[in-house]
file data-v6.cif (mmCIF, C-alpha atoms)
data_entry
loop_
_atom_site.label_atom_id
_atom_site.label_comp_id
_atom_site.auth_asym_id
_atom_site.auth_seq_id
_atom_site.Cartn_x
_atom_site.Cartn_y
_atom_site.Cartn_z
CA MET A 8 11.73 -44.99 40.59
CA SER A 9 9.70 -41.91 41.34
CA VAL A 10 7.44 -40.40 38.75
CA LYS A 11 7.95 -36.71 38.03
CA VAL A 12 5.62 -34.39 36.18
CA LEU A 13 7.40 -31.88 33.97
CA THR A 14 5.52 -28.80 32.83
CA ILE A 15 6.62 -28.13 29.26
CA LYS A 16 4.27 -25.67 27.47
CA GLU A 17 6.36 -25.77 24.31
CA ASP A 18 5.01 -25.12 20.85
CA ILE A 19 5.70 -28.12 18.62
CA LEU A 20 6.20 -25.94 15.59
CA GLY A 21 8.28 -23.56 17.68
CA VAL A 22 11.54 -25.00 16.39
CA ASN A 23 10.56 -24.25 12.80
CA GLU A 24 9.44 -20.76 13.79
CA GLU A 25 12.74 -20.06 15.51
CA LYS A 26 14.71 -21.22 12.47
CA ALA A 27 12.50 -19.04 10.27
CA ARG A 28 13.21 -16.05 12.48
CA ILE A 29 16.94 -16.66 12.15
CA ASN A 30 16.60 -16.94 8.36
CA GLN A 31 14.77 -13.65 8.25
CA GLU A 32 17.33 -11.92 10.46
CA LEU A 33 20.09 -13.03 8.16
CA MET A 34 18.28 -11.69 5.12
CA ASP A 35 17.47 -8.41 6.90
CA LYS A 36 21.15 -7.95 7.58
CA HIS A 37 21.74 -7.94 3.84
CA HIS A 38 18.53 -6.09 2.89
CA VAL A 39 17.18 -9.07 0.97
CA LEU A 40 13.45 -9.50 0.43
CA MET A 41 12.09 -13.07 0.47
CA ILE A 42 8.70 -13.90 -1.03
CA ASN A 43 7.05 -17.27 -0.39
CA VAL A 44 4.93 -18.13 -3.45
CA MET A 45 2.23 -20.71 -2.75
CA SER A 46 -0.74 -22.28 -4.51
CA SER A 47 -2.31 -25.55 -5.56
CA PRO A 48 -0.41 -27.52 -8.20
CA GLY A 49 -0.83 -25.94 -11.63
CA ALA A 50 -2.18 -22.55 -10.53
CA GLY A 51 0.68 -20.74 -12.22
CA LYS A 52 3.48 -20.18 -9.69
CA THR A 53 6.29 -20.89 -12.14
CA SER A 54 4.73 -18.76 -14.88
CA LEU A 55 4.30 -15.91 -12.45
CA ILE A 56 7.88 -16.22 -11.31
CA MET A 57 9.11 -16.22 -14.91
CA GLN A 58 7.15 -13.04 -15.66
CA THR A 59 8.42 -11.44 -12.46
CA ILE A 60 12.03 -12.25 -13.21
CA ASN A 61 11.64 -10.92 -16.73
CA GLU A 62 10.37 -7.61 -15.38
CA PHE A 63 12.76 -7.20 -12.46
CA LYS A 64 16.07 -8.76 -13.42
CA ALA A 65 17.44 -5.71 -15.17
CA LYS A 66 17.47 -3.72 -11.93
CA ASN A 67 17.45 -6.39 -9.24
CA ARG A 68 19.62 -9.38 -8.42
CA ILE A 69 17.22 -12.28 -8.07
CA THR A 70 17.69 -15.83 -6.82
CA VAL A 71 14.95 -18.45 -7.01
CA ILE A 72 14.47 -21.35 -4.61
CA GLU A 73 12.36 -24.08 -6.18
CA GLY A 74 10.53 -26.55 -3.95
CA ASP A 75 9.13 -29.74 -5.43
CA ILE A 76 8.57 -33.29 -4.30
CA ALA A 77 10.55 -34.50 -7.28
CA SER A 78 12.14 -33.38 -10.55
CA THR A 79 13.98 -30.25 -11.60
CA LEU A 80 11.43 -29.23 -14.24
CA ASP A 81 10.62 -25.89 -12.66
CA ALA A 82 14.23 -25.08 -11.82
CA ASP A 83 15.23 -25.86 -15.43
CA LYS A 84 12.53 -23.53 -16.74
CA VAL A 85 13.58 -20.73 -14.43
CA SER A 86 17.28 -21.08 -15.15
CA GLU A 87 16.47 -20.24 -18.78
CA GLN A 88 16.04 -16.73 -17.42
CA ALA A 89 19.67 -16.77 -16.37
CA VAL A 90 19.12 -16.22 -12.68
CA PRO A 91 20.59 -18.47 -9.97
CA VAL A 92 18.21 -21.25 -8.99
CA ILE A 93 18.40 -23.67 -6.12
CA GLN A 94 16.20 -26.76 -6.36
CA ILE A 95 14.99 -28.43 -3.18
CA ASN A 96 13.45 -31.88 -3.61
CA THR A 97 11.48 -32.83 -0.53
CA ALA A 98 11.19 -36.50 -1.59
CA GLY A 99 7.65 -36.79 -0.28
CA GLY A 100 7.44 -33.81 2.05
CA CYS A 101 4.38 -31.71 1.28
CA HIS A 102 5.85 -28.34 2.14
CA LEU A 103 9.14 -26.49 2.49
CA ASP A 104 10.29 -25.67 5.99
CA ALA A 105 12.68 -23.21 7.59
CA ASN A 106 15.49 -25.74 7.83
CA MET A 107 15.42 -26.43 4.10
CA ILE A 108 15.47 -22.69 3.43
CA LYS A 109 18.38 -22.24 5.80
CA GLU A 110 20.37 -24.78 3.82
CA ALA A 111 19.47 -23.01 0.59
CA LEU A 112 20.48 -19.64 2.04
CA ASP A 113 23.88 -21.09 2.93
CA ASN A 114 24.39 -21.40 -0.82
CA ILE A 115 23.33 -17.87 -1.75
CA ALA A 116 25.63 -14.84 -1.74
CA LEU A 117 23.14 -12.67 0.13
CA GLU A 118 25.34 -9.59 0.00
CA GLN A 119 24.91 -9.72 -3.79
CA THR A 120 21.17 -10.43 -3.78
CA ASP A 121 18.12 -8.18 -3.67
CA LEU A 122 15.20 -10.59 -4.02
CA VAL A 123 14.67 -14.28 -3.25
CA LEU A 124 11.58 -15.85 -4.76
CA VAL A 125 10.63 -19.15 -3.15
CA GLU A 126 8.33 -21.36 -5.19
CA ASN A 127 6.81 -23.64 -2.57
CA VAL A 128 5.48 -27.15 -3.19
CA GLY A 129 2.10 -27.06 -4.94
CA ASN A 130 -0.18 -27.43 -1.94
CA LEU A 131 -2.95 -25.26 -0.52
CA VAL A 132 -2.93 -26.87 2.91
CA CYS A 133 0.46 -27.47 4.50
CA THR A 134 2.51 -24.67 3.00
CA ALA A 135 0.50 -22.13 4.98
CA GLU A 136 1.49 -23.79 8.25
CA PHE A 137 5.26 -23.70 7.93
CA VAL A 138 6.99 -20.34 7.96
CA LEU A 139 10.30 -20.16 6.13
CA GLY A 140 11.62 -16.78 7.18
CA GLU A 141 9.89 -15.01 4.30
CA HIS A 142 8.87 -11.35 4.55
CA LYS A 143 5.74 -11.77 2.47
CA LYS A 144 3.42 -14.60 1.51
CA VAL A 145 1.99 -14.47 -1.98
CA MET A 146 -0.56 -17.03 -3.04
CA LEU A 147 -2.14 -17.75 -6.38
CA LEU A 148 -5.66 -18.93 -6.92
CA SER A 149 -6.45 -19.71 -10.54
CA VAL A 150 -9.85 -19.25 -12.19
CA PRO A 151 -10.46 -22.97 -12.95
CA GLU A 152 -10.11 -23.77 -9.23
CA GLY A 153 -13.27 -21.90 -8.33
CA ASP A 154 -14.13 -18.84 -6.26
CA ASP A 155 -15.20 -20.78 -3.14
CA LYS A 156 -11.69 -21.81 -2.12
CA PRO A 157 -11.30 -19.24 0.71
CA TYR A 158 -14.09 -20.99 2.60
CA LYS A 159 -12.49 -24.38 2.09
CA TYR A 160 -8.90 -23.38 2.85
CA PRO A 161 -9.28 -20.53 5.33
CA LEU A 162 -5.79 -20.75 6.78
CA MET A 163 -3.98 -20.12 3.51
CA PHE A 164 -6.14 -17.12 2.70
CA THR A 165 -5.79 -15.75 6.21
CA GLU A 166 -2.00 -15.90 5.98
CA ALA A 167 -1.50 -14.42 2.51
CA ASP A 168 -0.29 -10.85 2.04
CA VAL A 169 -1.18 -10.97 -1.66
CA VAL A 170 -3.73 -13.11 -3.47
CA LEU A 171 -3.19 -13.26 -7.22
CA VAL A 172 -6.25 -14.44 -9.09
CA ASN A 173 -4.50 -16.03 -12.04
CA LYS A 174 -5.70 -17.19 -15.47
CA ILE A 175 -8.21 -14.35 -15.92
CA ASP A 176 -7.77 -14.97 -19.64
CA VAL A 177 -10.06 -18.01 -19.24
CA LEU A 178 -12.79 -16.24 -17.23
CA PRO A 179 -15.27 -16.59 -20.14
CA TYR A 180 -15.12 -20.40 -19.81
CA PHE A 181 -15.70 -20.71 -16.07
CA ASP A 182 -18.28 -19.65 -13.50
CA PHE A 183 -15.80 -17.65 -11.48
CA ASP A 184 -17.02 -14.50 -9.79
CA VAL A 185 -14.01 -12.25 -9.09
CA SER A 186 -15.93 -9.95 -6.76
CA ALA A 187 -17.31 -12.92 -4.78
CA LEU A 188 -13.76 -14.16 -4.40
CA SER A 189 -12.59 -10.72 -3.26
CA LYS A 190 -15.37 -10.56 -0.71
CA ALA A 191 -14.48 -14.02 0.62
CA VAL A 192 -10.80 -13.15 0.94
CA SER A 193 -11.43 -9.76 2.57
CA GLY A 194 -13.75 -11.42 5.05
CA LEU A 195 -10.89 -13.57 6.29
CA ASN A 196 -8.08 -11.15 5.68
CA PRO A 197 -8.98 -7.47 5.24
CA SER A 198 -5.38 -6.42 4.64
CA ALA A 199 -4.59 -8.80 1.75
CA SER A 200 -4.03 -7.22 -1.65
CA ILE A 201 -5.99 -8.96 -4.39
CA PHE A 202 -4.80 -8.71 -8.01
CA PRO A 203 -6.58 -10.41 -10.93
CA VAL A 204 -3.89 -11.35 -13.45
CA SER A 205 -2.92 -13.59 -16.31
CA ALA A 206 0.66 -14.80 -16.04
CA LYS A 207 0.23 -16.12 -19.55
CA THR A 208 -0.98 -13.00 -21.39
CA GLY A 209 0.50 -10.45 -18.95
CA GLU A 210 -2.87 -8.84 -18.26
CA GLY A 211 -3.11 -7.20 -14.84
CA LEU A 212 0.53 -7.86 -13.93
CA GLU A 213 1.38 -4.15 -13.56
CA GLN A 214 -0.39 -4.04 -10.20
CA TRP A 215 1.64 -7.02 -8.95
CA PHE A 216 4.88 -5.53 -10.27
CA SER A 217 4.10 -2.22 -8.61
CA TRP A 218 3.38 -3.94 -5.27
CA LEU A 219 6.63 -5.88 -5.50
CA GLU A 220 8.62 -2.79 -6.44
CA ASP A 221 7.33 -1.05 -3.31
CA ALA A 222 8.19 -4.05 -1.17
CA ILE A 223 11.75 -4.14 -2.55
CA LYS A 224 12.15 -0.40 -1.98
CA GLN A 225 10.98 -0.71 1.61
CA THR A 226 13.47 -3.51 2.19
CA LYS A 227 16.32 -1.40 0.82
CA ASN A 228 15.37 1.64 2.85
CA ARG A 229 14.99 -0.19 6.12
CA THR A 230 17.85 0.61 8.51
CA ALA A 231 18.73 -2.96 9.51
CA MET B 3 -1.53 -33.41 7.64
CA HIS B 4 2.26 -33.70 7.73
CA GLU B 5 2.16 -35.54 11.03
CA GLN B 6 5.60 -36.96 10.33
CA SER B 7 7.31 -33.53 10.58
CA ILE B 8 5.21 -32.75 13.62
CA VAL B 9 6.14 -35.99 15.35
CA GLU B 10 9.82 -35.49 14.54
CA ALA B 11 9.66 -32.08 16.21
CA LEU B 12 7.61 -33.46 19.11
CA LEU B 13 10.03 -36.30 19.75
CA ALA B 14 13.06 -34.00 19.68
CA LEU B 15 11.40 -31.69 22.21
CA VAL B 16 10.37 -34.44 24.65
CA LEU B 17 13.79 -36.09 24.53
CA GLU B 18 15.47 -32.73 25.12
CA ASN B 19 13.25 -32.02 28.12
CA ALA B 20 13.71 -35.53 29.50
CA GLU B 21 17.47 -35.18 29.27
CA LYS B 22 17.39 -31.84 31.07
CA ALA B 23 15.41 -33.49 33.88
CA LYS B 24 17.79 -36.47 33.87
CA ALA B 25 14.88 -38.83 33.30
CA ASN B 26 15.34 -42.48 32.34
CA LYS B 27 11.99 -43.09 30.79
CA ILE B 28 9.10 -41.04 29.44
CA LEU B 29 5.78 -42.43 30.61
CA ARG B 30 3.10 -40.03 29.37
CA ILE B 31 3.00 -36.99 27.13
CA TYR B 32 0.10 -34.52 27.25
CA LEU B 33 -0.48 -32.60 24.05
CA VAL B 34 -2.82 -29.69 23.35
CA VAL B 35 -4.17 -29.88 19.83
CA GLY B 36 -6.33 -27.10 18.43
CA GLU B 37 -9.18 -27.88 16.07
CA LEU B 38 -7.56 -25.76 13.36
CA SER B 39 -4.13 -27.33 13.67
CA GLY B 40 -5.13 -30.03 11.19
CA VAL B 41 -3.48 -32.73 13.25
CA LEU B 42 -4.91 -36.27 13.32
CA GLU B 43 -4.39 -38.25 16.53
CA GLU B 44 -4.14 -41.58 14.81
CA ALA B 45 -1.41 -40.34 12.50
CA VAL B 46 0.55 -38.84 15.40
CA ASP B 47 0.27 -42.13 17.33
CA PHE B 48 1.40 -44.05 14.29
CA TYR B 49 4.47 -41.93 13.57
CA PHE B 50 5.34 -41.59 17.23
CA SER B 51 5.41 -45.31 17.94
CA PHE B 52 7.65 -45.79 14.91
CA LEU B 53 10.03 -42.87 15.37
CA SER B 54 10.45 -43.31 19.14
CA ARG B 55 11.30 -46.98 19.02
CA ASP B 56 14.94 -46.84 20.11
CA THR B 57 14.52 -43.99 22.55
CA ILE B 58 13.38 -43.53 26.14
CA ALA B 59 10.04 -42.39 24.75
CA ALA B 60 9.37 -45.78 23.12
CA GLU B 61 6.70 -46.77 25.62
CA ALA B 62 5.22 -43.34 26.25
CA SER B 63 1.45 -42.93 26.01
CA LEU B 64 0.21 -39.85 24.20
CA PHE B 65 -2.80 -37.94 25.51
CA PHE B 66 -4.53 -35.38 23.33
CA MET B 67 -6.40 -32.45 24.82
CA HIS B 68 -8.50 -30.85 22.14
CA THR B 69 -9.23 -27.14 22.08
CA PRO B 70 -12.05 -25.86 19.88
CA ALA B 71 -11.72 -23.33 17.09
CA GLN B 72 -12.91 -19.87 18.05
CA LEU B 73 -13.63 -17.16 15.54
CA ARG B 74 -14.48 -13.50 16.06
CA CYS B 75 -16.94 -11.94 13.65
CA ARG B 76 -15.48 -8.66 12.45
CA ASN B 77 -18.94 -7.37 11.63
CA CYS B 78 -20.72 -7.74 14.98
CA ASN B 79 -17.90 -8.86 17.32
CA THR B 80 -19.57 -12.16 18.24
CA ILE B 81 -17.14 -14.86 19.28
CA PHE B 82 -18.25 -18.30 18.19
CA SER B 83 -17.07 -21.85 17.69
CA PRO B 84 -17.79 -22.75 14.09
CA GLU B 85 -19.59 -25.99 13.35
CA LYS B 86 -17.53 -28.02 10.90
CA LEU B 87 -15.50 -24.91 10.04
CA ASP B 88 -18.55 -23.09 8.68
CA LEU B 89 -17.33 -19.50 8.78
CA ARG B 90 -20.74 -17.85 8.93
CA CYS B 91 -21.43 -15.78 12.07
CA PRO B 92 -24.41 -17.31 13.92
CA ASN B 93 -25.54 -13.81 14.81
CA CYS B 94 -25.30 -11.70 11.68
CA LYS B 95 -24.59 -14.45 9.09
CA GLU B 96 -21.62 -12.57 7.62
CA ARG B 97 -18.39 -14.36 6.70
CA GLN B 98 -15.85 -11.82 7.97
CA VAL B 99 -13.89 -13.65 10.62
CA GLU B 100 -10.67 -13.58 12.53
CA ILE B 101 -9.23 -16.72 14.07
CA VAL B 102 -9.02 -16.22 17.84
CA ALA B 103 -8.21 -19.75 18.97
CA GLY B 104 -7.80 -23.26 17.62
CA ARG B 105 -4.38 -23.22 16.04
CA GLU B 106 -2.58 -24.40 19.17
CA LEU B 107 -0.23 -27.34 18.95
CA TYR B 108 1.96 -27.71 22.00
CA ILE B 109 3.31 -30.08 24.60
CA ASP B 110 1.61 -29.23 27.86
CA SER B 111 3.44 -31.60 30.20
CA MET B 112 4.93 -35.04 30.52
CA GLU B 113 5.45 -37.72 33.15
CA VAL B 114 8.89 -39.22 33.47
CA GLU B 115 10.80 -41.46 35.81
#
call {"tool": "encode", "arguments": {"input": "data-v6.cif", "output": "structure tokens"}}
result
Amino acid sequence: MSVKVLTIKEDILGVNEEKARINQELMDKHHVLMINVMSSPGAGKTSLIMQTINEFKAKNRITVIEGDIASTLDADKVSEQAVPVIQINTAGGCHLDANMIKEALDNIALEQTDLVLVENVGNLVCTAEFVLGEHKKVMLLSVPEGDDKPYKYPLMFTEADVVLVNKIDVLPYFDFDVSALSKAVSGLNPSASIFPVSAKTGEGLEQWFSWLEDAIKQTKNRTA
Amino acid sequence: MHEQSIVEALLALVLENAEKAKANKILRIYLVVGELSGVLEEAVDFYFSFLSRDTIAAEASLFFMHTPAQLRCRNCNTIFSPEKLDLRCPNCKERQVEIVAGRELYIDSMEVE
């Protein structure tokens, strides 16, 4: 049998990227904005999402996609806000991917939706590598985690459109320098918006709400 | 990290290409792995040998060609390869960088028969 050499030059993650592109196209058709919310476990994603729903649900139709390795704890919390929630359990997978999101989208009436908030698996490493079809990536870094994280997890901070510095209500108890963190993030990603907030007390959230409001408006006004 | 998802995608791609070429067996697969892709060779080998077991790729050898990370300093425009992902520019010592190379993860070529 003769040996043949095949030139391939194919991106291994290309399949995921293609599926993400298709997801995004589908959402664009219906003028739906998708936000991928990422962070380490416990940084405050669910709390942020709850606050966001509370602020936006009067004027916007929101659906939440919850990603976790196991349990429906987050989905249960969110459904108390009376918005549709879809729970994805990855059963060991450390991140959501475009295929999982596609399956979730198949269960959402996109023509009756304005905003999809995706709470990704708590993970600062892998979630940055797998696009879902989202329009914006929002990551949370909480005060107890430390202000040196951009240097340790450069990819996540490079990819984020918004960095929310959460838990500013506990700044007095930690050696966290907000301006050092801002400098580190801007060094990697000059166009990221950085908002210090407390999802618990509500402090600083107006800036995040205002950013999100603009993003939703832009999505609505875009001629698909 | 997450080498299982990567290997699943890799295997699907090589089998698809082998079928298109009407190959009976995949002998060697050449992969380009960037320093910033976070991929560990040993983990890829491990998952590949398991996941390919009933396919024509079951006896394929994997070859990894590593490409270094390259960063561009936004302050002084120096392009450098960071040592151990230290983001400081060797020229001006600032940490304002853009990733220029190192995130690659692709199948370059394969040998089939």
call {"tool": "atom_distance", "arguments": {"input": "data-v6.cif", "atom1": "CA of Asn96 in chain A", "atom2": "CA of Val128 in chain A"}}
result
9.3 Å
call {"tool": "interface_residues", "arguments": {"input": "data-v6.cif", "of": "chain A", "to": "chain B", "cutoff": "10 Å", "atoms": "only C-alpha atoms", "output": "PyMOL selection string"}}
result
chain A and resi 8-23+100-102+104+132-133+136+158-162+165+190-197
call {"tool": "resolve_selection", "arguments": {"input": "data-v6.cif", "expression": "the PyMOL selection byres ((chain B and resi 50-53) around 10)", "output": "number ranges by chain"}}
result
B: 5-6, 8-10, 12-13, 44-49, 54-57, 59-64
call {"tool": "closest_residue", "arguments": {"input": "data-v6.cif", "among": "A:Gly129, A:Gly211, A:Gly99, A:Gly140", "to": "Val172 in chain A", "atoms": "all atoms listed in the file"}}
result
A:Gly211
call {"tool": "resolve_selection", "arguments": {"input": "data-v6.cif", "expression": "the PyMOL selection byres ((chain A and resi 63) around 12)", "output": "mmCIF file with C-alpha atoms, in the frame of the given file"}}
result
data_model
loop_
_atom_site.group_PDB
_atom_site.id
_atom_site.type_symbol
_atom_site.label_atom_id
_atom_site.label_comp_id
_atom_site.auth_asym_id
_atom_site.auth_seq_id
_atom_site.Cartn_x
_atom_site.Cartn_y
_atom_site.Cartn_z
ATOM 1 C CA ILE A 56 7.880 -16.220 -11.310
ATOM 2 C CA MET A 57 9.110 -16.220 -14.910
ATOM 3 C CA GLN A 58 7.150 -13.040 -15.660
ATOM 4 C CA THR A 59 8.420 -11.440 -12.460
ATOM 5 C CA ILE A 60 12.030 -12.250 -13.210
ATOM 6 C CA ASN A 61 11.640 -10.920 -16.730
ATOM 7 C CA GLU A 62 10.370 -7.610 -15.380
ATOM 8 C CA LYS A 64 16.070 -8.760 -13.420
ATOM 9 C CA ALA A 65 17.440 -5.710 -15.170
ATOM 10 C CA LYS A 66 17.470 -3.720 -11.930
ATOM 11 C CA ASN A 67 17.450 -6.390 -9.240
ATOM 12 C CA ARG A 68 19.620 -9.380 -8.420
ATOM 13 C CA ILE A 69 17.220 -12.280 -8.070
ATOM 14 C CA THR A 70 17.690 -15.830 -6.820
ATOM 15 C CA GLN A 88 16.040 -16.730 -17.420
ATOM 16 C CA VAL A 90 19.120 -16.220 -12.680
ATOM 17 C CA ASP A 121 18.120 -8.180 -3.670
ATOM 18 C CA LEU A 122 15.200 -10.590 -4.020
ATOM 19 C CA VAL A 123 14.670 -14.280 -3.250
ATOM 20 C CA LEU A 124 11.580 -15.850 -4.760
ATOM 21 C CA GLU A 213 1.380 -4.150 -13.560
ATOM 22 C CA TRP A 215 1.640 -7.020 -8.950
ATOM 23 C CA PHE A 216 4.880 -5.530 -10.270
ATOM 24 C CA SER A 217 4.100 -2.220 -8.610
ATOM 25 C CA LEU A 219 6.630 -5.880 -5.500
ATOM 26 C CA GLU A 220 8.620 -2.790 -6.440
ATOM 27 C CA ILE A 223 11.750 -4.140 -2.550
#
call {"tool": "atom_distance", "arguments": {"input": "data-v6.cif", "atom1": "CA of Glu24 in chain A", "atom2": "CA of Leu103 in chain A"}}
result
12.7 Å
